[in-house]
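> Sharing target28.cif here; it has mmCIF, N, CA and C atoms.
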```
data_run
loop_
_atom_site.label_atom_id
_atom_site.label_comp_id
_atom_site.auth_asym_id
_atom_site.auth_seq_id
_atom_site.Cartn_x
_atom_site.Cartn_y
_atom_site.Cartn_z
N MET F 129 3.07 -2.57 4.13
CA MET F 129 1.95 -3.48 4.11
C MET F 129 2.45 -4.86 4.52
N PRO F 130 1.59 -5.62 5.19
CA PRO F 130 2.02 -6.95 5.61
C PRO F 130 2.16 -7.88 4.40
N PRO F 131 3.10 -8.83 4.48
CA PRO F 131 3.24 -9.78 3.37
C PRO F 131 2.02 -10.69 3.31
N LEU F 132 1.81 -11.28 2.14
CA LEU F 132 0.73 -12.27 2.01
C LEU F 132 1.09 -13.51 2.80
N SER F 133 0.08 -14.17 3.33
CA SER F 133 0.33 -15.47 3.98
C SER F 133 0.68 -16.48 2.90
N GLU F 134 1.19 -17.63 3.30
CA GLU F 134 1.52 -18.68 2.33
C GLU F 134 0.28 -19.08 1.54
N GLU F 135 -0.86 -19.16 2.22
CA GLU F 135 -2.10 -19.55 1.55
C GLU F 135 -2.55 -18.49 0.55
N GLU F 136 -2.45 -17.20 0.94
CA GLU F 136 -2.82 -16.11 0.04
C GLU F 136 -1.91 -16.07 -1.19
N PHE F 137 -0.61 -16.29 -0.96
CA PHE F 137 0.33 -16.28 -2.08
C PHE F 137 0.06 -17.45 -3.01
N ALA F 138 -0.21 -18.62 -2.45
CA ALA F 138 -0.52 -19.80 -3.28
C ALA F 138 -1.78 -19.54 -4.12
N ALA F 139 -2.78 -18.90 -3.52
CA ALA F 139 -4.01 -18.60 -4.26
C ALA F 139 -3.73 -17.59 -5.37
N LEU F 140 -2.90 -16.57 -5.09
CA LEU F 140 -2.53 -15.59 -6.10
C LEU F 140 -1.79 -16.27 -7.25
N LYS F 141 -0.88 -17.13 -6.91
CA LYS F 141 -0.08 -17.83 -7.91
C LYS F 141 -0.98 -18.70 -8.80
N GLN F 142 -1.93 -19.40 -8.19
CA GLN F 142 -2.86 -20.22 -8.95
C GLN F 142 -3.71 -19.35 -9.88
N ASP F 143 -4.17 -18.22 -9.39
CA ASP F 143 -4.97 -17.31 -10.20
C ASP F 143 -4.16 -16.78 -11.39
N ILE F 144 -2.91 -16.44 -11.14
CA ILE F 144 -2.06 -15.94 -12.23
C ILE F 144 -1.80 -17.03 -13.25
N GLU F 145 -1.64 -18.26 -12.79
CA GLU F 145 -1.45 -19.36 -13.73
C GLU F 145 -2.68 -19.53 -14.63
N GLU F 146 -3.85 -19.37 -14.04
CA GLU F 146 -5.10 -19.57 -14.80
C GLU F 146 -5.49 -18.36 -15.64
N ASN F 147 -5.25 -17.15 -15.12
CA ASN F 147 -5.78 -15.94 -15.76
C ASN F 147 -4.72 -14.93 -16.20
N GLY F 148 -3.49 -15.14 -15.83
CA GLY F 148 -2.44 -14.16 -16.09
C GLY F 148 -2.47 -13.06 -15.04
N VAL F 149 -1.55 -12.13 -15.15
CA VAL F 149 -1.51 -10.98 -14.24
C VAL F 149 -2.51 -9.96 -14.78
N LEU F 150 -3.58 -9.74 -14.04
CA LEU F 150 -4.65 -8.86 -14.51
C LEU F 150 -4.41 -7.39 -14.17
N LEU F 151 -3.83 -7.13 -13.00
CA LEU F 151 -3.53 -5.75 -12.62
C LEU F 151 -2.06 -5.47 -12.89
N PRO F 152 -1.76 -4.40 -13.62
CA PRO F 152 -0.35 -4.12 -13.93
C PRO F 152 0.48 -3.90 -12.67
N VAL F 153 1.73 -4.29 -12.77
CA VAL F 153 2.71 -4.00 -11.73
C VAL F 153 3.14 -2.55 -11.94
N VAL F 154 3.16 -1.77 -10.87
CA VAL F 154 3.51 -0.35 -10.96
C VAL F 154 4.98 -0.19 -10.58
N GLN F 155 5.72 0.44 -11.49
CA GLN F 155 7.15 0.68 -11.27
C GLN F 155 7.47 2.15 -11.41
N ASP F 156 8.60 2.55 -10.79
CA ASP F 156 9.07 3.92 -11.04
C ASP F 156 9.91 3.91 -12.31
N ASP F 157 10.41 5.05 -12.70
CA ASP F 157 11.16 5.13 -13.96
C ASP F 157 12.52 4.45 -13.89
N GLY F 158 12.90 3.97 -12.71
CA GLY F 158 14.14 3.21 -12.57
C GLY F 158 13.90 1.70 -12.57
N GLY F 159 12.63 1.30 -12.77
CA GLY F 159 12.30 -0.12 -12.79
C GLY F 159 12.05 -0.73 -11.42
N ASN F 160 12.02 0.10 -10.38
CA ASN F 160 11.75 -0.39 -9.02
C ASN F 160 10.26 -0.57 -8.83
N ILE F 161 9.86 -1.71 -8.30
CA ILE F 161 8.44 -1.99 -8.10
C ILE F 161 7.89 -1.17 -6.95
N ILE F 162 6.82 -0.44 -7.21
CA ILE F 162 6.12 0.34 -6.20
C ILE F 162 4.95 -0.47 -5.67
N ASP F 163 4.21 -1.11 -6.57
CA ASP F 163 3.05 -1.91 -6.22
C ASP F 163 3.03 -3.14 -7.12
N GLY F 164 2.89 -4.30 -6.52
CA GLY F 164 2.80 -5.53 -7.30
C GLY F 164 3.93 -6.51 -7.04
N HIS F 165 4.62 -6.36 -5.92
CA HIS F 165 5.73 -7.27 -5.60
C HIS F 165 5.29 -8.73 -5.62
N HIS F 166 4.14 -9.01 -5.01
CA HIS F 166 3.67 -10.39 -4.94
C HIS F 166 3.27 -10.92 -6.32
N ARG F 167 2.63 -10.07 -7.13
CA ARG F 167 2.25 -10.48 -8.49
C ARG F 167 3.49 -10.79 -9.32
N ALA F 168 4.50 -9.94 -9.23
CA ALA F 168 5.73 -10.14 -9.99
C ALA F 168 6.43 -11.42 -9.53
N ARG F 169 6.51 -11.62 -8.22
CA ARG F 169 7.17 -12.82 -7.69
C ARG F 169 6.44 -14.09 -8.13
N ALA F 170 5.11 -14.07 -8.02
CA ALA F 170 4.32 -15.25 -8.41
C ALA F 170 4.53 -15.54 -9.89
N HIS F 171 4.47 -14.50 -10.72
CA HIS F 171 4.66 -14.69 -12.16
C HIS F 171 6.06 -15.24 -12.45
N ASP F 172 7.07 -14.67 -11.81
CA ASP F 172 8.45 -15.11 -12.05
C ASP F 172 8.64 -16.57 -11.64
N GLU F 173 8.03 -16.97 -10.53
CA GLU F 173 8.11 -18.37 -10.10
C GLU F 173 7.42 -19.28 -11.12
N LEU F 174 6.24 -18.88 -11.59
CA LEU F 174 5.51 -19.67 -12.59
C LEU F 174 6.31 -19.75 -13.89
N LEU F 175 6.94 -18.67 -14.27
CA LEU F 175 7.76 -18.64 -15.48
C LEU F 175 8.93 -19.61 -15.35
N ALA F 176 9.60 -19.58 -14.20
CA ALA F 176 10.73 -20.48 -13.96
C ALA F 176 10.29 -21.95 -13.95
N GLU F 177 9.06 -22.20 -13.53
CA GLU F 177 8.52 -23.55 -13.48
C GLU F 177 7.95 -23.98 -14.83
N GLY F 178 7.94 -23.08 -15.80
CA GLY F 178 7.41 -23.39 -17.12
C GLY F 178 5.90 -23.46 -17.18
N ARG F 179 5.23 -22.83 -16.22
CA ARG F 179 3.77 -22.90 -16.16
C ARG F 179 3.09 -21.69 -16.79
N VAL F 180 3.87 -20.64 -17.11
CA VAL F 180 3.38 -19.48 -17.88
C VAL F 180 4.48 -19.06 -18.84
N THR F 181 4.11 -18.28 -19.83
CA THR F 181 5.09 -17.73 -20.75
C THR F 181 4.89 -16.22 -20.83
N GLY F 182 5.88 -15.54 -21.35
CA GLY F 182 5.75 -14.10 -21.54
C GLY F 182 5.92 -13.31 -20.26
N GLY F 183 5.60 -12.04 -20.36
CA GLY F 183 5.75 -11.14 -19.23
C GLY F 183 4.42 -10.78 -18.62
N TYR F 184 4.43 -9.73 -17.85
CA TYR F 184 3.21 -9.23 -17.21
C TYR F 184 3.11 -7.73 -17.49
N PRO F 185 1.90 -7.20 -17.40
CA PRO F 185 1.73 -5.77 -17.69
C PRO F 185 2.40 -4.89 -16.62
N VAL F 186 3.00 -3.82 -17.09
CA VAL F 186 3.70 -2.88 -16.20
C VAL F 186 3.25 -1.47 -16.53
N VAL F 187 3.05 -0.68 -15.50
CA VAL F 187 2.80 0.75 -15.65
C VAL F 187 3.97 1.48 -15.01
N GLU F 188 4.57 2.36 -15.78
CA GLU F 188 5.70 3.14 -15.25
C GLU F 188 5.19 4.50 -14.78
N ARG F 189 5.55 4.86 -13.55
CA ARG F 189 5.13 6.14 -12.98
C ARG F 189 6.36 7.04 -12.81
N SER F 190 6.62 7.85 -13.81
CA SER F 190 7.76 8.76 -13.73
C SER F 190 7.39 10.04 -12.98
N ASP F 191 6.10 10.23 -12.68
CA ASP F 191 5.66 11.43 -11.98
C ASP F 191 5.90 11.36 -10.47
N LEU F 192 6.24 10.19 -9.97
CA LEU F 192 6.50 10.03 -8.54
C LEU F 192 7.99 10.23 -8.30
N THR F 193 8.34 11.35 -7.70
CA THR F 193 9.76 11.69 -7.60
C THR F 193 10.37 11.42 -6.23
N THR F 194 9.54 11.28 -5.19
CA THR F 194 10.08 11.05 -3.87
C THR F 194 9.66 9.67 -3.34
N ASP F 195 10.43 9.16 -2.41
CA ASP F 195 10.07 7.89 -1.79
C ASP F 195 8.73 8.00 -1.07
N GLU F 196 8.45 9.17 -0.50
CA GLU F 196 7.18 9.38 0.19
C GLU F 196 6.00 9.23 -0.78
N GLU F 197 6.12 9.82 -1.97
CA GLU F 197 5.06 9.70 -2.96
C GLU F 197 4.86 8.24 -3.38
N LYS F 198 5.94 7.51 -3.52
CA LYS F 198 5.86 6.11 -3.91
C LYS F 198 5.22 5.27 -2.81
N ARG F 199 5.61 5.50 -1.56
CA ARG F 199 4.99 4.79 -0.43
C ARG F 199 3.51 5.10 -0.33
N ASP F 200 3.16 6.38 -0.52
CA ASP F 200 1.75 6.78 -0.44
C ASP F 200 0.92 6.06 -1.49
N LEU F 201 1.43 5.98 -2.71
CA LEU F 201 0.70 5.28 -3.76
C LEU F 201 0.54 3.81 -3.42
N ALA F 202 1.62 3.18 -2.97
CA ALA F 202 1.55 1.76 -2.61
C ALA F 202 0.54 1.52 -1.49
N ARG F 203 0.56 2.37 -0.48
CA ARG F 203 -0.40 2.23 0.62
C ARG F 203 -1.83 2.40 0.13
N ARG F 204 -2.07 3.44 -0.65
CA ARG F 204 -3.42 3.71 -1.12
C ARG F 204 -3.95 2.55 -1.97
N LEU F 205 -3.16 2.05 -2.88
CA LEU F 205 -3.59 0.95 -3.73
C LEU F 205 -3.87 -0.31 -2.91
N ASN F 206 -2.99 -0.59 -1.96
CA ASN F 206 -3.17 -1.78 -1.14
C ASN F 206 -4.35 -1.66 -0.19
N MET F 207 -4.56 -0.48 0.36
CA MET F 207 -5.70 -0.29 1.27
C MET F 207 -7.02 -0.48 0.52
N GLN F 208 -7.05 -0.11 -0.73
CA GLN F 208 -8.27 -0.23 -1.51
C GLN F 208 -8.48 -1.64 -2.04
N ARG F 209 -7.41 -2.37 -2.29
CA ARG F 209 -7.50 -3.64 -3.00
C ARG F 209 -7.38 -4.86 -2.09
N ARG F 210 -6.47 -4.82 -1.15
CA ARG F 210 -6.19 -6.01 -0.35
C ARG F 210 -7.24 -6.20 0.72
N HIS F 211 -7.39 -7.44 1.11
CA HIS F 211 -8.32 -7.80 2.17
C HIS F 211 -7.58 -7.72 3.50
N LEU F 212 -7.40 -6.50 3.97
CA LEU F 212 -6.71 -6.28 5.23
C LEU F 212 -7.70 -6.35 6.37
N ASN F 213 -7.28 -6.95 7.48
CA ASN F 213 -8.15 -6.94 8.64
C ASN F 213 -8.05 -5.58 9.32
N GLN F 214 -8.87 -5.37 10.31
CA GLN F 214 -8.94 -4.06 10.98
C GLN F 214 -7.59 -3.66 11.57
N GLU F 215 -6.90 -4.61 12.17
CA GLU F 215 -5.60 -4.30 12.79
C GLU F 215 -4.57 -3.91 11.74
N GLN F 216 -4.55 -4.59 10.61
CA GLN F 216 -3.60 -4.27 9.55
C GLN F 216 -3.87 -2.88 8.98
N LYS F 217 -5.14 -2.51 8.84
CA LYS F 217 -5.48 -1.17 8.37
C LYS F 217 -5.03 -0.12 9.36
N ARG F 218 -5.25 -0.40 10.64
CA ARG F 218 -4.86 0.54 11.68
C ARG F 218 -3.33 0.71 11.71
N GLU F 219 -2.60 -0.37 11.47
CA GLU F 219 -1.13 -0.29 11.44
C GLU F 219 -0.66 0.57 10.27
N ALA F 220 -1.31 0.44 9.11
CA ALA F 220 -0.94 1.26 7.96
C ALA F 220 -1.25 2.73 8.22
N ILE F 221 -2.38 2.99 8.86
CA ILE F 221 -2.74 4.37 9.22
C ILE F 221 -1.74 4.93 10.22
N ALA F 222 -1.38 4.14 11.20
CA ALA F 222 -0.41 4.57 12.22
C ALA F 222 0.93 4.91 11.58
N ALA F 223 1.37 4.08 10.65
CA ALA F 223 2.65 4.34 9.98
C ALA F 223 2.62 5.68 9.26
N ARG F 224 1.52 5.98 8.60
CA ARG F 224 1.42 7.25 7.88
C ARG F 224 1.34 8.43 8.84
N LEU F 225 0.59 8.28 9.93
CA LEU F 225 0.51 9.35 10.92
C LEU F 225 1.87 9.64 11.53
N LYS F 226 2.66 8.63 11.77
CA LYS F 226 4.00 8.84 12.35
C LYS F 226 4.91 9.57 11.37
N GLU F 227 4.69 9.36 10.07
CA GLU F 227 5.49 10.07 9.06
C GLU F 227 5.09 11.54 8.94
N THR F 228 3.79 11.81 9.07
CA THR F 228 3.29 13.18 8.90
C THR F 228 2.28 13.50 9.99
N PRO F 229 2.75 13.66 11.23
CA PRO F 229 1.82 13.89 12.34
C PRO F 229 1.05 15.20 12.25
N THR F 230 1.53 16.14 11.45
CA THR F 230 0.84 17.43 11.35
C THR F 230 -0.26 17.45 10.29
N TRP F 231 -0.40 16.37 9.54
CA TRP F 231 -1.48 16.30 8.56
C TRP F 231 -2.81 16.10 9.26
N SER F 232 -3.85 16.71 8.75
CA SER F 232 -5.18 16.53 9.33
C SER F 232 -5.65 15.10 9.12
N ASP F 233 -6.59 14.68 9.95
CA ASP F 233 -7.13 13.32 9.84
C ASP F 233 -7.81 13.10 8.50
N ASN F 234 -8.55 14.09 8.03
CA ASN F 234 -9.23 13.95 6.74
C ASN F 234 -8.25 13.88 5.57
N ARG F 235 -7.17 14.63 5.67
CA ARG F 235 -6.15 14.59 4.62
C ARG F 235 -5.51 13.20 4.56
N THR F 236 -5.18 12.66 5.71
CA THR F 236 -4.60 11.31 5.79
C THR F 236 -5.61 10.28 5.31
N ALA F 237 -6.86 10.45 5.70
CA ALA F 237 -7.91 9.51 5.30
C ALA F 237 -8.08 9.49 3.79
N ARG F 238 -8.11 10.67 3.17
CA ARG F 238 -8.25 10.74 1.70
C ARG F 238 -7.08 10.06 1.01
N LEU F 239 -5.89 10.29 1.53
CA LEU F 239 -4.70 9.68 0.94
C LEU F 239 -4.79 8.15 0.95
N LEU F 240 -5.24 7.60 2.08
CA LEU F 240 -5.26 6.15 2.24
C LEU F 240 -6.58 5.51 1.80
N GLY F 241 -7.58 6.32 1.53
CA GLY F 241 -8.87 5.77 1.12
C GLY F 241 -9.64 5.14 2.27
N VAL F 242 -9.52 5.75 3.45
CA VAL F 242 -10.24 5.25 4.62
C VAL F 242 -11.08 6.38 5.21
N ASP F 243 -11.83 6.08 6.25
CA ASP F 243 -12.69 7.06 6.89
C ASP F 243 -11.88 7.94 7.85
N GLY F 244 -12.21 9.22 7.88
CA GLY F 244 -11.53 10.16 8.76
C GLY F 244 -11.69 9.82 10.24
N LYS F 245 -12.83 9.23 10.61
CA LYS F 245 -13.04 8.84 12.00
C LYS F 245 -12.09 7.73 12.43
N THR F 246 -11.76 6.85 11.48
CA THR F 246 -10.81 5.78 11.79
C THR F 246 -9.43 6.36 12.02
N VAL F 247 -9.04 7.32 11.18
CA VAL F 247 -7.74 7.98 11.35
C VAL F 247 -7.70 8.68 12.69
N ARG F 248 -8.78 9.36 13.04
CA ARG F 248 -8.84 10.07 14.33
C ARG F 248 -8.68 9.10 15.50
N SER F 249 -9.33 7.96 15.41
CA SER F 249 -9.24 6.95 16.46
C SER F 249 -7.80 6.44 16.62
N VAL F 250 -7.14 6.19 15.50
CA VAL F 250 -5.75 5.72 15.55
C VAL F 250 -4.86 6.82 16.11
N ARG F 251 -5.08 8.08 15.69
CA ARG F 251 -4.29 9.20 16.21
C ARG F 251 -4.43 9.31 17.73
N MET F 252 -5.67 9.24 18.22
CA MET F 252 -5.90 9.37 19.66
C MET F 252 -5.18 8.27 20.42
N HIS F 253 -5.25 7.05 19.91
CA HIS F 253 -4.56 5.93 20.58
C HIS F 253 -3.05 6.17 20.61
N LEU F 254 -2.48 6.59 19.48
CA LEU F 254 -1.03 6.82 19.43
C LEU F 254 -0.61 7.95 20.36
N GLU F 255 -1.44 8.97 20.50
CA GLU F 255 -1.13 10.06 21.41
C GLU F 255 -1.16 9.58 22.86
N VAL F 256 -2.16 8.77 23.20
CA VAL F 256 -2.30 8.28 24.58
C VAL F 256 -1.11 7.42 24.98
N VAL F 257 -0.66 6.55 24.06
CA VAL F 257 0.46 5.65 24.39
C VAL F 257 1.82 6.30 24.16
N GLY F 258 1.82 7.56 23.74
CA GLY F 258 3.06 8.31 23.59
C GLY F 258 3.86 8.01 22.33
N GLU F 259 3.22 7.43 21.32
CA GLU F 259 3.91 7.13 20.07
C GLU F 259 3.77 8.24 19.04
N LEU F 260 2.94 9.22 19.34
CA LEU F 260 2.73 10.34 18.43
C LEU F 260 2.57 11.60 19.27
N PRO F 261 3.28 12.66 18.92
CA PRO F 261 3.12 13.89 19.69
C PRO F 261 1.75 14.51 19.45
N ARG F 262 1.24 15.15 20.47
CA ARG F 262 -0.01 15.88 20.31
C ARG F 262 0.30 17.16 19.53
N VAL F 263 -0.44 17.40 18.46
CA VAL F 263 -0.20 18.55 17.60
C VAL F 263 -1.40 19.49 17.73
N ASP F 264 -1.11 20.77 17.99
CA ASP F 264 -2.19 21.74 18.19
C ASP F 264 -2.82 22.19 16.89
N VAL F 265 -2.02 22.31 15.83
CA VAL F 265 -2.53 22.80 14.55
C VAL F 265 -2.21 21.74 13.48
N LEU F 266 -3.25 21.26 12.83
CA LEU F 266 -3.08 20.27 11.78
C LEU F 266 -3.24 20.95 10.42
N THR F 267 -2.58 20.40 9.42
CA THR F 267 -2.61 20.98 8.07
C THR F 267 -3.46 20.11 7.15
N GLY F 268 -4.48 20.74 6.57
CA GLY F 268 -5.34 20.04 5.63
C GLY F 268 -4.78 20.08 4.22
N SER F 269 -5.47 19.48 3.30
CA SER F 269 -5.04 19.46 1.90
C SER F 269 -4.93 20.85 1.31
N ASP F 270 -5.71 21.78 1.83
CA ASP F 270 -5.70 23.15 1.32
C ASP F 270 -4.60 24.01 1.95
N GLY F 271 -3.82 23.39 2.84
CA GLY F 271 -2.72 24.12 3.47
C GLY F 271 -3.15 24.82 4.72
#
```
Please render this file's structure as structure tokens.

Amino acid sequence: MPPLSEEEFAALKQDIEENGVLLPVVQDDGGNIIDGHHRARAHDELLAEGRVTGGYPVVERSDLTTDEEKRDLARRLNMQRRHLNQEQKREAIAARLKETPTWSDNRTARLLGVDGKTVRSVRMHLEVVGELPRVDVLTGSDG
């Protein structure tokens, strides 16, 4: 996912100063942040500046055992929550398609929380420009 702009980060930091961290930071069982890097950074900066006290809410996900599962969760949460422009959404879809080109468009769409037609459009573009191989048989969620 693209980093927040300076203005977006400043707004997040201000919101956290006023309201605290409202959405928990998601970590794996090793303490690695899966989702919430910007929230954690903003909180830590505010803490160092003496503008907040205490910690922030954390959810530990020990059920995610592979890096792929962790990336998928981070992408899905960010696609649903962040204000991504059309190009940023298409880039996230493209990244997932390149990782699993044999997945069906609907399967990829469900994973990312987007429309299957959008995934199909990104797939077609990637195939035309040679960034994704054309696959004859795609695998849906049902196998």
> Neighbouring residues of F:His253 were defined as those with any atom within 12 Å, considering only C-alpha atoms; residues of the same chain fewer than 4 positions away were excluded. Please report them as number ranges by chain.
F: 218-219, 221-222, 225, 246-249, 257-262
> Using only C-alpha atoms for the distances, tell me which of F:Glu173, F:Asp233, F:Asp200, F:Glu136 is nearest to F:Leu266.
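Going through F:Glu173, F:Asp233, F:Asp200, F:Glu136 one by one, the smallest distance to F:Leu266 is for F:Asp233.
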> Near stretch 140-145 of chain F, within 8 Å and counting only N, CA and C atoms, which residues show up once chain neighbours fewer than 2 positions away are dropped, as a PyMOL selection string?
chain F and resi 134-138+147-150+166-167+169-171+174+179-180
> Might you pull out every residue within 8 Å of F:Gly159, with all atoms listed in the file counted and same-chain residues fewer than 3 positions away left off, and present them as a list in words?
Val154, Gln155, Asp156, Ile162, Glu188 and Arg189 of chain F
> One decimal, in Å: what's the spacing between atom CA of F:Gln208 and atom CA of F:Asp195?
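Separation between atom CA of F:Gln208 and atom CA of F:Asp195: 20.1 Å.
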> Taking the backbone alone, and naming residues the way the document does, which bits of chain F are alpha helix (DSSP H) by DSSP, as a PyMOL selection string?
chain F and resi 134-147+165-176+195-209+214-227+233-240+244-256
> By how many Å are atom CA of F:Val153 and atom CA of F:Glu197 apart?
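Separation of atom CA of F:Val153 and atom CA of F:Glu197: 16.4 Å.
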> Quick one, how far is atom CA of F:Leu254 from atom CA of F:Ala237?
15.9 Å
> Between F:Thr181, F:Asn160, F:Ser133, F:Ser232, which one has atoms that come closest to F:Gly244, using all atoms listed in the file?
F:Ser232
> Enclose stretch 215-230 of chain F, meaning all of its atoms listed in the file, in a box aligned along x, y and z, pad it by 5 Å on each side, and list the centre and edge lengths in Å to one decimal, as JSON.

```
{"center_x": -0.7, "center_y": 6.4, "center_z": 10.3, "size_x": 22.4, "size_y": 32.1, "size_z": 14.9}
```
> Just asking: which residues within chain F are strand (DSSP E or B) according to DSSP, as a list of chain:residue names?
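After running DSSP on the backbone, chain F has strand (DSSP E or B) at F:Val153, F:Val154, F:Gln155, F:Asp156, F:Ile161, F:Ile162, F:Asp163, F:Val186, F:Val187, F:Glu188, F:Arg189, F:Trp231, F:Thr267.
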> Mind checking which residues fall within 8 Å of F:Asn234, counting all atoms listed in the file, ignoring those fewer than 4 positions away in the same chain, and posting them as number ranges by chain?
F: 238-240, 242-245, 247-248, 267-269
> Which is closer to F:Asp163 than all the others in F:Leu151, F:Thr230, F:Glu146, F:Glu255, using only C-alpha atoms?
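Using only C-alpha atoms, the shortest distance to F:Asp163 belongs to F:Leu151.
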> Do a neighbour search on stretch 129-131 of chain F at 7 Å with only N, CA and C atoms, toss out local chain neighbours closer than 5 positions, and write the hits as a list in words.
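That gives Arg203, Gln216 and Ala220 of chain F.
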